[in-house]
Every structure is written in C-alpha cells, then in structure tokens.
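Report on the structure given below.
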Amino acid sequence: MDIYTLNWTIEVINHFISTGIMSIAFFLSFKTYRISKHKILIFISLTWFTLIFYMFFGGLCYLFLSPLLFRISVSFLVIGALFLTLGLDLFIRYSYDTKKILIVGIIATGIFMTMFDPASVSSTMFPSGMKSLRTANPLFPWTLLLGGFVCLTYVYYCIQIYLKSPKDAKKSALLNLIGGIFFGIVSLSGYAFGLNKIIPGFLVICLSLGALISSISFTLDPRLVRVLLVTSNNAKVKLRGELEDRLILSEERFKNLVETMDEIIYEFDINGNCVYTNQSHERLLGYPIQEFNVIKIEDIIQIEDRGKFSSMMRRVDEGKGTNNLKIRVKSNSGKFITFLLNIAPIINSSNKKSTGFIVLARDIDKMEKSDLRLIRSQKMESIGKLAGGVAHDFNNFLQAILGYTDIMLFDTDENSENYEYIQKIRSAAKNGANITRQLLILSRKQEIELQPININEEILKINTLLKHSIPKMIEIKLELSKDLKTIHGDPTQIQQIIMNLVLNSRDAMPNGGKIIVRTQSTLLDSSFCENNNDLTPGEYCYISISDNGSGMPKEILAHLFEPFYTTKSKDKGTGLGLSIVYNIVKKLNGTIQCYSEFGIGTEFKIYLPSTNAEKLIQNNQTPIKDIPKGSETILLVDDEKSILEYGSKILTKFGYKVLTATSGERGFEMYTKSFSRDKKIDLIILDLIMPGMGGLNCLIKIVSLWDPLAKIIISSGLSMDDEMNNVIKKGAKAFINKPFIAEDLLILIRIVLDTE
C-alpha cells in the first residue's frame with residue numbers, strides 16, 4: 001500500500017472514530033442536562049450533535065472524494081460553532097451586541113457560501129488535513145478564524161471553571177480543563193504546526209476527545225455546570241455594570257452641559273405638559289421649575305404671538321419642526337422677554353408618531369443688547385482712529401504756530417501793542433491744542449497723568465464755575481459723601497466729565513429745574529459686573545448726575561455716546577461732549593450708564609475704581625527766564641520743516657549748536673558721521689512718526705547698533721501710553737507731546753543732558 005492510500009485510509013477511519021467519540025460526548029452531555037436542567041448544556045449538547053455530522057460527512061467526503069459532501073461537512077461545523085457561541089454567550093467587553101451579531105453573520109455567510117457557492121470548494125479533493133482544507137478556497141480563512149475563536153473561548157471558560165470551582169470539585173474541574181485544552185489548544189496547535197500531515201484526521205480526533213473529556217467531567221460533578229453559569233452571569237453583570245457606569249457618566253456630562261447653558265431647554269409631552277426644563281428657565285423667567293406645569297403656556301405668551309404658537313403646535317402634531325420663531329413671553333415679574341425658539345418633534349420609532357416636542361429658547365433681548373454694545377464699540381474705535389490721525393497732523397501745525405509765537409515774544413518788548421497780539425495768538429494756539437487733546441481722548445490715545453485725586457474736591461472746584469454757567473432758575477444740589485475714597489485719575493478730566501454732564505442737564509431744562517450731583521463709595525459684586533464686562537468686582541467711587549428735565553426717547557439713547565451725534569443746533573453743540581466723557585471713563589477703567597425717560601428726566605451713573613493712595617501735591621512750572629542756557633550740540637529730526645526752523649531758532653537763542661535732518665535715515669547718518677569728525681552730537685530730538693524709517697526704527701538702530709548711551713528725546717503729536725512706554729524701553733531718555741511750548745522743551749533738554 002502506497003503512502004497516499006495509507007493516509008487516505010487513516011483519514012477516513014479517524015473521522016468515523018471521532019464520530020463515535022463525539023456521539024458518546026453528546027449522550028453524556030444531554031444526560032447531564034436532563035438531570036441539572038441547565039439551559040447552557042442544551043447548547044453544548046447541540047454543539048456536540050452538529051459536530052457528529054461534521055465528522056461523519058467529513059469521513060464520507062474523504063471516502064468518496066466528493067466536494068458536495070465536504071461542503072455539507074463544513075456547514076455542520078459552522079452550525080456547531082453557532083450553537084457554542086450562543087451557549088457560552090461570548091461576551092466581548094464594551095461591544096458585546098455588535099460583535100455577537102458580527103459572529104452570527106459570519107457563520108450564516110459561511111453556511112450560504114458552503115452550500116450554494118460551488119466556487120468555494122475545489123473540484124479536486126486531497127486527503128490529509130491541510131491540503132483538503134486548502135481546497136476550500138475563499139471558505140478557508142473565515143472558517144479558520146471562526147474555529148480558532150470558538151475553540152479558544154471554550155478553553156477560557158474551562159480555565160474559569162477550574163479557578164472558581166470549590167476544592168472538592170477540583171479533580172473534575174481539572175478533567176474538564178484537560179478536555180478544553182484538547183478541544184482548543186492541542187487541536188489548533190496541531191493544525192498550525194502541520195501534525196495533520198503526520199497523523200491524518202488529527203484535528204477531528206482532538207475535537208472529539210476534548211468534547212468527550214469535558215462531558216465526562218460534567219457528568220461526574222454537575223456543580224461544574226453551575227460554576228460555568230456563574231462565570232457567564234458574572235460576565236453579563238460586569239458588562240452591564242460597565243455600560244451603566246458609562247451611561248451615568250454620559251448623563252452627568254449632558255446634565256452639566258444643559259444646566260450651564262444660557263438658553264432654556266424644554267421637553268413637552270403631546271398634551272403640552274412640561275416634562276423637563278433646565279435652570280435657565282428659572283433664571284430668565286423667574287418661575288420655579290417645580291411650579292411650571294401648573295401654568296398654561298398660552299397664558300404667559302403675549303396675545304399677539306399666540307397665533308404663531310398655535311400654528312407651531314399644529315406643525316408639531318404633523319411631526320414637523322420650526323426654527324427661528326420669535327415669541328414674547330411674560331416673566332414672573334411681569335416683564336415680557338423676546339425669545340427665539342427652535343422646536344423639534346419627538347418621534348416614536350415604532351409607529352412614527354409624535355409623542356411630544358423639544359424647545360430651545362434663546363433670549364434675543366440680551367443678544368441684541370450685546371450686539372449693540374459691540375457695534376458701538378467698533379464705531380467708537382473707527383472714529384477714534386480717524387480722530388487720532390487728524391489730531392496728529394493738527395498738532396504739527398499748532399507746534400509751528402506756538403513755536404513762532406514764542407520766537408516773536410522773545411524779540412518783542414512787553415510794553416508794545418504787538419506783544420499783546422502775539423499773546424492772544426499764543427492763547428488761541430493753546431486752545432487749539434486742548435481741542436486736539438480732546439480728540440486724542442476720543443481716540444483713547446492720549447495718555448492720562450494718573451494720580452490719586454478726590455472727586456469731591458474736583459466737584460467743589462468746578463462748582464463756582466458751574467454756578468456762573470447755569471441760569472438762576474436751575475438749582476444745583478451737591479450730595480457728596482464724606483467718606484469717599486480717592487481714585488486714580490486726571491483732575492482736569494474729572495472736572496471735564498462733571499462740566500459736560502451738568503451742561504447737558506442744563507440744556508434739557510430751558511424752563512428751569514433741579515440738577516443733583518451725588519457721590520458715594522460702593523462695592524460692586526460679580527453679578528453686577530457680569531452685565532458690565534468692562535468692570536471687575538471691588539470698591540468703586542459712584543458719581544450720579546441727575547435732572548428733572550425733558551428726558552430722552554430710546555432712539556436718542558441708542559446713539560448718546562457717539563461722536564458728533566447731537567440733537568442741538570450747529571451753533572449750540574458739536575456732539576463731542578458725551579463722547580469725550582465716555583472715553584475718559586473707559587480710560588479710567590470705569591463705566592458710565594444713562595437712564596432717561598421722555599418727559600421725566602435723565603440720570604448719568606459713573607463707576608470709577610477707587611484706591612487707598614494719598615493725594616499728590618502739584619509742582620509749579622519753572623519761569624522761562626530761570627531756565628539755564630547750554631552749549632551742547634543738538635540734532636533735530638522731523639519731517640516738518642517749519643518745526644525744524646522753529647526748533648533751531650529757539651535752541652540757538654539758548655546757546656545750543658543745532659543740526660537738522662528731515663528723515664530717520666538722514667538723522668542716523670549724521671549721528672554716526674559726527675563720531676569720525678570729533679563733533680559728537682550730545683542730544684537728539686526725534687519725531688516718532690515720519691515717512692521711511694520713522695523715529696522708532698531710527699531710535700532702535702542708534703541704540704542697538706551704534707551708541708547704547710545715546711541721549712534721545714522722542715516727540716510726537718499722537719501720544720499713546722503704550723507707545724511712550726515702548727520708546728523708553730527701546731532706549732529713549734524722555735518723551736514730549738506735541739504741541740509743546742518753549743519752556744517745556746528747554747527744561748526737558750536740560751534734564752536729559754545733565755543726567756548721567
């Protein structure tokens with residue numbers, strides 16, 4: 001007999017022997033089920049029953065070399081795998097249901113392919129294990145994966161039975177474990193390492209022996225079945241517990257998200273009863289959540305909007321939603337709030353009918369106020385940039401006017417008539433400088449010399465002037481708190497705030513009335529500051545200026561602080577007063593609010609952060625005749641020729657040697673060349689904003705690349721706090737605002753030159 005015939009004979013014999021062994025295993029397993037009545041043994045018995053047919057038809061397929069019998073054999077194998085899968089309830093952590101369906105789907109697909117797809121099995125049959133299975137073409141990979149998965153899972157449960165069995169059942173549990181090892185480990189290992197080539201039919205022998213040994217162990221000690229059930233149930237409980245924990249975590253996350261929303265969320269049943277609402281409902285409308293079901297929705301909706309609400313309810317009944325529906329709802333305080341509603345029906349998945357609806361309600365009154373504040377802020381910023389640019393150019397013109405009037409005053413006798421005229425020109429130029437200062441305040445680019453000041457003192461100082469500016473039929477009453485704290489501010493600007501607001505009240509009372517100016521210290525909490533984003537909780541000085549004048553309608557209040565907006569005639573107002581007040585207050589990190597009712601009166605409320613610092617003592621300005629002269633060399637760098645001419649003449653009169661340059665590039669070149677000629681420049685007065693390199697880059701280049709000890713004064717007609725601090729950090733020794741008068745410039749020059 002040749003080797004081929006021998007292998008074929010052994011393969012056939014082993015299949016039929018395995019069929020007999022598996023039949024005994026089925027009989028023992030089914031007998032144990034009839035005694036213990038444990039359902040899991042039904043599935044195990046059915047598994048052994050189908051494997052009997054797998055081995056029997058496998059033997060026939062090798063006996064007759066029939067591909068059809070081979071397909072039938074493999075079909076019973078996958079049916080057996082299905083029963084074992086259901087019996088052991090193969091729990092896969094976190095994805096049990098999905099993977100179980102996947103396994104069942106793979107088994108069903110395999111059966112279909114095996115029975116009805118002839119291409120899945122080759123027409124030529126070869127005995128001896130590996131080769132015969134390889135004839136299964138596309139059937140082979142999934143069969144191998146499924147078989148391995150089922151075998152290893154069975155081994156896992158056999159291990160669990162051994163570990164969890166009582167001591168007196170350990171021998172039976174060990175026998176069961178040996179059966180599981182034969183069924184799962186030995187069979188797969190032998191298949192993987194090619195033992196089928198040495199012992200044809202090795203796989204079916206191991207499967208049948210493993211099943212028989214396990215069945216014997218269950219028969220010897222039925223308690224093993226109970227341990228298997230506990231293991232399976234523990235897996236279910238563990239999985240259920242993990243899923244419940246994840247569900248609780250998800251619900252907590254959802255609750256935290258919903259309860260912190262600004263929008264109100266409602267869930268209603270089909271009859272309109274509120275099933276759920278979040279905390280925003282009570283916060284915005286004021287109705288306690290537990291009492292909301294007592295109220296009918298229609299009763300709190302404004303009459304004009306009830307038709308829209310009824311129409312929405314009809315759409316919900318039809319299973320349709322609604323977006324961006326505006327409804328005005330009455331709050332518990334009686335105030336109507338406009339909400340933007342998005343409504344979606346809740347559809348029953350079984351009968352596709354609406355069981356209720358969900359409402360998302362957004363307070364658009366609050367949104368519109370925020371949008372208006374943003375638009376106003378952007379408008380103020382745009383106008384501020386324009387005002388800043390105008391002020392810069394205007395300051396350069398005023399600098400030339402002030403400069404030449406200073407030169408003329410030096411050369412004019414104080415007793416002459418021209419001296420008086422020049423002084424008037426100088427005074428007019430200073431007034432023009434004050435106007436540009438207001439424009440820079442409007443643009444919020446004018447630095448404020450902050451110092452501790454007492455608001456009450458500034459009000460008392462300006463009170464005398466106010467009495468002369470206010471008609472006698474208007475009474476000004478001061479209610480000033482005695483314990484008012486100081487603030488960090490600029491005295492002139494505080495007086496400007498009071499003056500502008502009092503004069504605004506005066507214009508609202510042509511027939512007389514009363515103006516009340518109040519001050520007090522107050523503590524602002526977080527709830528107040530939430531509605532005023534520019535404030536932080538803390539102590540503030542409160543200023544109130546109220547009148548019983550004509551008041552203002554809402555359309556005027558919306559534009560009140562806009563620059564150049566005025567309801568007065570052209571000869572009575574510029575529209576800058578309240579804009580400047582607004583920007584001064586913002587610059588001082590405060591806020592201003594206006595409350596007005598047409599025909600009743602107006603009240604302005606100002607909150608400025610207070611401080612415990614002591615009030616400073618002001619120094620007097622040094623007279624020009626006491627300013628010492630000098631002999632140093634000074635370089636003037638400015639793109640305005642009139643400023644260069646004025647500066648040269650003033651500085652020359654005080655003994656300085658003067659050089660000029662019209663650009664940063666030329667100034668840098670002159671400064672560096674002065675070193676090689678032994679004519680070092682002692683001081684540079686450098687304009688900040690010029691074409692080309694500009695003043696800042698020229699400063700950086702001189703200090704970083706050439707002379708770190710260079711003495712440089714920066715001048716600018718557009719002074720900014722940040723810019724001033726920046727140039728000082730870059731190496732400038734001082735900063736002077738345009739337009740400046742001769743005394744200020746000469747004193748600053750001396751201070752810089754005399755400071756080592």
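Ordering of the structure tokens sets the chain letters (A, B, ...); residue numbers start at 1 within each chain; ligands are numbered from 1 in the order shown.
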Next on the checklist: Which of range 309-354 of chain A end up as strand (DSSP E) when DSSP is run on this backbone - answer as an MDAnalysis selection string?
Outcome noted: chainID A and resid 322:330 336:347 354
Item to check | Residues within 12 Å of Ile216 in chain A, only C-alpha atoms, excluding chain neighbours under 2 positions, as a VMD selection string | outcome: chain A and resid 21 to 22 24 to 32 171 to 180 209 to 214 218 to 222 224 to 225
Item to check | Selected residue of minimal separation from Leu651 in chain A among A:Ile494, A:Asn395, A:Gly601, A:Ile407, counting only C-alpha atoms | outcome: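 Between A:Ile494, A:Asn395, A:Gly601, A:Ile407, the residue approaching Leu651 in chain A most closely is A:Ile407.
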Checklist entry - Nearest to Ile741 in chain A: which of A:Glu562, A:Asp411, A:Glu417, A:Asp406 is it, counting only C-alpha atoms? => result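 So, comparing all the options, the nearest one is A:Asp406.
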Next on the checklist: So that I can check the secondary structure, give me every residue of range 654-743 of chain A assigned alpha helix (DSSP H) by backbone DSSP, as JSON, numbers by chain.
Outcome noted: {"A": [664, 665, 666, 667, 668, 669, 670, 671, 672, 673, 674, 675, 676, 694, 695, 696, 697, 698, 699, 700, 701, 721, 722, 723, 724, 725, 726, 727, 728, 729, 730, 742, 743]}
Any chance you could export the current selection's N, CA and C atoms as a tab-separated table (two decimals), in the first residue's frame?
chain	number	residue	atom	x	y	z
A	664	GLY	N	14.48	109.85	9.35
A	664	GLY	CA	15.22	109.00	10.25
A	664	GLY	C	16.52	108.51	9.64
A	665	GLU	N	16.49	108.21	8.34
A	665	GLU	CA	17.69	107.73	7.66
A	665	GLU	C	18.80	108.78	7.72
A	666	ARG	N	18.42	110.05	7.41
A	666	ARG	CA	19.40	111.14	7.41
A	666	ARG	C	19.89	111.42	8.83
A	667	GLY	N	19.01	111.34	9.80
A	667	GLY	CA	19.41	111.56	11.19
A	667	GLY	C	20.41	110.53	11.66
A	668	PHE	N	20.18	109.25	11.32
A	668	PHE	CA	21.12	108.19	11.70
A	668	PHE	C	22.48	108.41	11.06
A	669	GLU	N	22.47	108.79	9.77
A	669	GLU	CA	23.72	109.02	9.06
A	669	GLU	C	24.51	110.17	9.69
A	670	MET	N	23.83	111.27	10.02
A	670	MET	CA	24.52	112.42	10.61
A	670	MET	C	25.08	112.08	11.99
A	671	TYR	N	24.34	111.32	12.77
A	671	TYR	CA	24.81	110.98	14.11
A	671	TYR	C	26.05	110.09	14.04
A	672	THR	N	26.05	109.12	13.17
A	672	THR	CA	27.21	108.21	13.09
A	672	THR	C	28.45	108.92	12.54
A	673	LYS	N	28.24	109.82	11.57
A	673	LYS	CA	29.39	110.54	10.99
A	673	LYS	C	29.99	111.54	11.98
A	674	SER	N	29.19	112.02	12.92
A	674	SER	CA	29.71	113.00	13.88
A	674	SER	C	30.82	112.43	14.75
A	675	PHE	N	30.83	111.10	14.91
A	675	PHE	CA	31.87	110.48	15.73
A	675	PHE	C	33.23	110.56	15.04
A	676	SER	N	33.24	110.36	13.73
A	676	SER	CA	34.52	110.36	12.99
A	676	SER	C	35.10	111.76	12.85
A	694	GLY	N	11.25	106.13	9.95
A	694	GLY	CA	10.47	106.55	11.11
A	694	GLY	C	11.33	106.72	12.34
A	695	GLY	N	10.74	107.33	13.37
A	695	GLY	CA	11.51	107.63	14.57
A	695	GLY	C	11.86	106.41	15.40
A	696	LEU	N	10.93	105.45	15.52
A	696	LEU	CA	11.17	104.29	16.37
A	696	LEU	C	12.31	103.43	15.84
A	697	ASN	N	12.30	103.14	14.54
A	697	ASN	CA	13.37	102.34	13.96
A	697	ASN	C	14.71	103.05	14.02
A	698	CYS	N	14.69	104.38	13.84
A	698	CYS	CA	15.92	105.15	13.95
A	698	CYS	C	16.48	105.05	15.38
A	699	LEU	N	15.60	105.16	16.37
A	699	LEU	CA	16.00	105.02	17.78
A	699	LEU	C	16.63	103.66	18.03
A	700	ILE	N	15.96	102.61	17.57
A	700	ILE	CA	16.45	101.24	17.80
A	700	ILE	C	17.82	101.05	17.14
A	701	LYS	N	17.97	101.58	15.93
A	701	LYS	CA	19.22	101.39	15.19
A	701	LYS	C	20.38	102.11	15.88
A	721	ASP	N	-0.01	105.85	25.61
A	721	ASP	CA	0.65	105.25	26.77
A	721	ASP	C	1.58	104.12	26.36
A	722	ASP	N	1.07	103.20	25.56
A	722	ASP	CA	1.86	102.03	25.16
A	722	ASP	C	3.07	102.45	24.35
A	723	GLU	N	2.87	103.43	23.45
A	723	GLU	CA	3.97	103.88	22.60
A	723	GLU	C	5.05	104.56	23.43
A	724	MET	N	4.64	105.39	24.39
A	724	MET	CA	5.60	106.07	25.25
A	724	MET	C	6.42	105.06	26.04
A	725	ASN	N	5.74	104.07	26.64
A	725	ASN	CA	6.47	103.04	27.38
A	725	ASN	C	7.40	102.25	26.48
A	726	ASN	N	6.96	102.03	25.25
A	726	ASN	CA	7.76	101.26	24.31
A	726	ASN	C	9.06	101.97	23.96
A	727	VAL	N	8.99	103.29	23.65
A	727	VAL	CA	10.20	104.01	23.25
A	727	VAL	C	11.16	104.15	24.43
A	728	ILE	N	10.63	104.26	25.65
A	728	ILE	CA	11.51	104.32	26.82
A	728	ILE	C	12.25	103.00	26.98
A	729	LYS	N	11.53	101.88	26.76
A	729	LYS	CA	12.18	100.57	26.83
A	729	LYS	C	13.23	100.39	25.75
A	730	LYS	N	13.00	100.99	24.58
A	730	LYS	CA	13.94	100.85	23.46
A	730	LYS	C	15.18	101.72	23.63
A	742	ALA	N	7.98	126.44	24.47
A	742	ALA	CA	9.44	126.52	24.58
A	742	ALA	C	9.93	126.14	25.97
A	743	GLU	N	9.22	126.61	27.02
A	743	GLU	CA	9.66	126.32	28.38
A	743	GLU	C	9.76	124.83	28.65
